[in-house]
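Student: Mind looking over this structure? Questions follow.
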Amino acid sequence: MQILAFDFGTKKIGVAVGQTKTRTSSPLEIIRVKNNSINWENICSIVDEWNPELILVGKPLNMDGTESAIMEKVNSFFNKLKKKTNIPCEYVDERLTSFEARQNLSELKTDLVDAQAAKILIDHWLSEN
């Protein structure tokens, strides 16, 4: 099964793709958010290109498990993504994914942190399913 993951942020959205058959994942790209406006055309184009059977979205939780301040925007993104794509969507706990992504990348590739964080979302999902 093909999977897409989105690591939502107010300035950048990281995107990654994964495959349950091979249990692999790869960072895809970063979508820039400009003037608080999400490029839905770009997101829908990626979804059409990869044709996933499942979409994962990082759920930003505080270390104590409570929802972080950005959760309202993430919920809005999640619901609109589900409505626009008509593909099953699931949340994945994203605590420490950006930290882990930064550790995995060299200083030369820091612009890829969000896509790497989305890849880690898929890896976490694959390890639990």
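Starting from 1 in every chain, residues are counted up; chains themselves are A, B, ... following the order of the structure tokens, and ligands are numbered from 1 as listed.
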Near A:Cys44, counting only C-alpha atoms, which residues have an atom at most 12 Å away, once you skip same-chain residues fewer than 5 positions from it, shown as a list in words?

Tutor: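 Here the answer would be Leu4, Ile31, Ile38, Asn39, Glu49, Trp50, Asn51, Pro52, Ile55, Lys80, Leu81, Lys82, Lys83, Lys84, Thr85, Asn86 and Ile87 of chain A.
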
Student: Neighbours of A:Ala118 within 7 Å (only C-alpha atoms; same-chain residues fewer than 4 positions away dropped), as a short mmCIF file (atom, residue, chain, number, x, y, z; two decimals) with C-alpha atoms, in the first residue's frame?

Tutor:
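To be explicit, this is the file written out as result-v7.cif:
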data_model
loop_
_atom_site.label_atom_id
_atom_site.label_comp_id
_atom_site.auth_asym_id
_atom_site.auth_seq_id
_atom_site.Cartn_x
_atom_site.Cartn_y
_atom_site.Cartn_z
CA ALA A 5 2.67 11.77 5.01
CA PHE A 6 2.42 15.48 5.74
CA ASP A 7 4.32 17.25 8.49
CA GLY A 14 7.00 18.42 4.71
CA VAL A 15 5.89 15.59 2.44
CA ALA A 16 7.11 11.99 2.32
CA PRO A 27 11.25 12.37 1.92
CA ASP A 114 10.27 18.98 7.29
CA ILE A 122 5.75 6.99 8.01
#

Student: List every residue of chain A that DSSP, applied to the backbone, labels as helix (DSSP H, G or I), and write the result as number ranges by chain.

Tutor: A: 40-50, 71-85, 97-104, 107-128

Student: Any idea what the distance is between atom CA of A:Val47 and atom CA of A:Ile3?

Tutor: 9.7 Å

Student: What lies within 8 Å of A:Gln19 using only C-alpha atoms, ignoring chain neighbours under 6 positions off, as a PyMOL selection string?

Tutor: chain A and resi 1-3+25

Student: Kindly indicate which residue among A:Lys119, A:Pro60, A:Ser76, A:Ser26 lies nearest to A:Asp93, using only C-alpha atoms for the distances.

Tutor: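 Checking each of A:Lys119, A:Pro60, A:Ser76, A:Ser26 against A:Asp93, counting only C-alpha atoms, the winner is A:Pro60.
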
Student: Could you work out how far atom CA of A:Met71 lies from atom CA of A:Lys34, giving the answer in Å with one decimal?

Tutor: 19.1 Å

Student: Write out as a PyMOL selection string all residues of stretch 5-126 of chain A that backbone DSSP assigns to strand (DSSP E or B).

Tutor: chain A and resi 5-7+12-19+24-32+34+37+54-59+61+67+89-93

Student: Next, the residues of the selection above should be written as a CSV table (one decimal), in the first residue's frame with C-alpha atoms.

Tutor:
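Result written to again18.csv:
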chain,number,residue,atom,x,y,z
A,5,ALA,CA,2.7,11.8,5.0
A,6,PHE,CA,2.4,15.5,5.7
A,7,ASP,CA,4.3,17.3,8.5
A,12,LYS,CA,6.4,24.8,5.5
A,13,ILE,CA,4.7,21.4,5.1
A,14,GLY,CA,7.0,18.4,4.7
A,15,VAL,CA,5.9,15.6,2.4
A,16,ALA,CA,7.1,12.0,2.3
A,17,VAL,CA,6.0,8.8,0.6
A,18,GLY,CA,6.1,5.2,1.9
A,19,GLN,CA,5.3,1.7,0.8
A,24,THR,CA,10.4,1.8,3.1
A,25,SER,CA,9.9,5.6,3.0
A,26,SER,CA,11.5,8.6,1.4
A,27,PRO,CA,11.3,12.4,1.9
A,28,LEU,CA,9.6,14.0,-1.1
A,29,GLU,CA,9.5,17.7,-0.9
A,30,ILE,CA,8.7,20.8,1.1
A,31,ILE,CA,5.5,22.9,0.3
A,32,ARG,CA,5.9,26.5,1.3
A,34,LYS,CA,2.8,31.8,2.0
A,37,SER,CA,-2.3,30.3,2.5
A,54,LEU,CA,-3.6,6.2,3.2
A,55,ILE,CA,-2.5,9.7,4.2
A,56,LEU,CA,-0.7,10.4,7.5
A,57,VAL,CA,-0.6,13.8,9.2
A,58,GLY,CA,1.6,14.5,12.1
A,59,LYS,CA,-0.2,15.2,15.3
A,61,LEU,CA,1.5,16.9,21.0
A,67,GLU,CA,-2.4,19.0,22.3
A,89,CYS,CA,-6.3,10.0,6.8
A,90,GLU,CA,-4.8,9.2,10.1
A,91,TYR,CA,-2.9,11.2,12.7
A,92,VAL,CA,0.6,10.0,13.8
A,93,ASP,CA,2.2,11.3,17.0

Student: Please compute the atom CA of A:Phe78-atom CA of A:Phe8 distance, one decimal, in Å.

Tutor: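 Separation between atom CA of A:Phe78 and atom CA of A:Phe8: 9.2 Å.
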